[in-house]
Amino acid sequence: MNKPTYKSYDELPLTLSALNVAAVLGISRAGASASWSTAKAGFPTLNIGSRILIPKYKFLAWIDGSSSKKG
């Protein structure tokens, strides 16, 4: 499966899968899945059955919070 491409955050779906997160962050799908399974990354996940998703608004808040800490 090809990685989706996004030109803006507005194009993101309401819930993001590992594939969506990988596309936004420029990392592999496996890297995205591994990152949110560790507490260090701090991804705000939502578990629906066996699926792990990230609500779009929480992911964007996480990005804003992470980037403001760096600089």
# chains A, B, ... in the order shown; residues from 1 in each chain; ligands from 1
>>> residues_around(residues="A:Lys3", least_positions_apart="4", cutoff="9 Å", atoms="only C-alpha atoms", output="PyMOL selection string")
chain A and resi 19-20+22-23+29
>>> select_by_dssp(residues="stretch 11-61 of chain A", states="alpha helix (DSSP H)", output="list in words")
Ala18, Leu19, Asn20, Val21, Ala22, Ala23, Val24, Leu25, Arg29, Ala30, Gly31, Ala32, Ser33, Ala34, Ser35, Trp36, Ser37, Lys56, Tyr57, Lys58, Phe59, Leu60 and Ala61 of chain A
>>> closest_residue(among="A:Ile48, A:Val21, A:Lys56, A:Pro4", to="A:Ser35", atoms="only C-alpha atoms")
A:Val21
>>> closest_residue(among="A:Phe43, A:Ala34, A:Lys7, A:Leu12", to="A:Ala61", atoms="only C-alpha atoms")
A:Phe43
>>> select_by_dssp(residues="chain A", states="strand (DSSP E or B)", output="list in words")
Thr15, Leu16, Leu46, Asn47, Ile48, Arg51, Ile52, Leu53, Ile54 and Pro55 of chain A
>>> residues_around(residues="A:Pro55", least_positions_apart="4", cutoff="8 Å", atoms="only C-alpha atoms", output="MDAnalysis selection string")
chainID A and resid 14:16 44:46 59
>>> write_last_selection(atoms="N, CA and C atoms", output="compact mmCIF listing (two decimals), in the first residue's frame")
# COMPACT_ATOMS: atom_id res chain seq x y z
N LEU A 14 -10.30 12.22 10.31
CA LEU A 14 -10.62 12.52 11.72
C LEU A 14 -9.85 11.63 12.69
N THR A 15 -9.61 10.38 12.32
CA THR A 15 -8.77 9.49 13.11
C THR A 15 -7.63 9.00 12.24
N LEU A 16 -6.44 8.97 12.81
CA LEU A 16 -5.25 8.60 12.05
C LEU A 16 -4.78 7.21 12.42
N PRO A 44 -1.44 10.35 21.89
CA PRO A 44 -2.75 10.15 22.51
C PRO A 44 -3.57 9.16 21.70
N THR A 45 -3.57 7.90 22.07
CA THR A 45 -4.23 6.88 21.25
C THR A 45 -5.66 6.60 21.70
N LEU A 46 -6.41 6.05 20.76
CA LEU A 46 -7.79 5.64 20.98
C LEU A 46 -7.88 4.20 20.52
N PHE A 59 -3.69 14.61 17.91
CA PHE A 59 -2.40 14.48 17.24
C PHE A 59 -1.82 15.85 16.92
>>> closest_residue(among="A:Ala32, A:Leu25, A:Asp64, A:Ser50", to="A:Tyr6", atoms="only C-alpha atoms")
A:Leu25
>>> atom_distance(atom1="atom CA of A:Lys58", atom2="atom CA of A:Tyr9")
12.3 Å
>>> atom_distance(atom1="atom CA of A:Ser28", atom2="atom CA of A:Gly49")
23.4 Å
>>> atom_distance(atom1="atom CA of A:Ala30", atom2="atom CA of A:Ile52")
13.2 Å
>>> decode(residues="chain A", atoms="C-alpha atoms", output="short mmCIF file (atom, residue, chain, number, x, y, z; two decimals), in the first residue's frame")
data_model
loop_
_atom_site.label_atom_id
_atom_site.label_comp_id
_atom_site.auth_asym_id
_atom_site.auth_seq_id
_atom_site.Cartn_x
_atom_site.Cartn_y
_atom_site.Cartn_z
CA MET A 1 0.00 0.00 0.00
CA ASN A 2 1.32 3.44 -0.92
CA LYS A 3 1.81 6.01 1.80
CA PRO A 4 -0.77 8.82 1.55
CA THR A 5 0.44 12.36 0.97
CA TYR A 6 -1.02 15.43 2.61
CA LYS A 7 -0.50 19.05 1.65
CA SER A 8 -2.09 20.43 4.80
CA TYR A 9 -3.38 19.25 8.14
CA ASP A 10 -6.92 19.95 6.93
CA GLU A 11 -6.63 16.95 4.59
CA LEU A 12 -6.05 14.50 7.45
CA PRO A 13 -8.87 12.10 8.35
CA LEU A 14 -10.62 12.52 11.72
CA THR A 15 -8.77 9.49 13.11
CA LEU A 16 -5.25 8.60 12.05
CA SER A 17 -3.82 5.13 11.59
CA ALA A 18 -0.13 4.24 11.74
CA LEU A 19 0.03 4.79 7.98
CA ASN A 20 -1.38 8.33 8.30
CA VAL A 21 0.97 9.21 11.16
CA ALA A 22 3.94 7.85 9.22
CA ALA A 23 3.04 10.01 6.21
CA VAL A 24 2.76 13.17 8.30
CA LEU A 25 5.95 12.60 10.29
CA GLY A 26 7.98 11.22 7.38
CA ILE A 27 8.75 7.94 9.12
CA SER A 28 7.98 4.30 8.38
CA ARG A 29 4.66 2.72 9.30
CA ALA A 30 6.48 0.34 11.63
CA GLY A 31 8.22 3.30 13.24
CA ALA A 32 4.91 5.04 13.82
CA SER A 33 3.36 1.92 15.35
CA ALA A 34 6.38 1.33 17.57
CA SER A 35 6.45 4.99 18.64
CA TRP A 36 2.93 5.08 19.94
CA SER A 37 3.28 1.79 21.75
CA THR A 38 5.99 3.33 23.95
CA ALA A 39 5.14 5.84 26.65
CA LYS A 40 8.07 8.03 25.61
CA ALA A 41 6.41 9.24 22.41
CA GLY A 42 3.24 10.23 24.23
CA PHE A 43 0.85 9.74 21.32
CA PRO A 44 -2.75 10.15 22.51
CA THR A 45 -4.23 6.88 21.25
CA LEU A 46 -7.79 5.64 20.98
CA ASN A 47 -8.34 1.87 21.08
CA ILE A 48 -11.29 0.57 19.07
CA GLY A 49 -11.33 -3.19 19.19
CA SER A 50 -7.91 -4.29 18.03
CA ARG A 51 -7.29 -1.05 16.13
CA ILE A 52 -5.22 1.75 17.56
CA LEU A 53 -6.09 5.18 16.20
CA ILE A 54 -5.19 8.75 17.06
CA PRO A 55 -7.86 11.46 16.99
CA LYS A 56 -6.75 14.19 14.57
CA TYR A 57 -7.22 17.07 17.01
CA LYS A 58 -5.16 15.32 19.71
CA PHE A 59 -2.40 14.48 17.24
CA LEU A 60 -2.19 18.11 16.10
CA ALA A 61 -2.10 19.26 19.74
CA TRP A 62 0.68 16.75 20.38
CA ILE A 63 2.65 18.16 17.44
CA ASP A 64 2.16 21.73 18.71
CA GLY A 65 3.18 20.74 22.22
CA SER A 66 6.24 18.80 21.07
CA SER A 67 7.50 21.55 18.79
CA SER A 68 7.05 24.28 21.41
CA LYS A 69 9.17 22.33 23.91
CA LYS A 70 12.11 22.20 21.50
CA GLY A 71 12.40 25.79 20.68
#
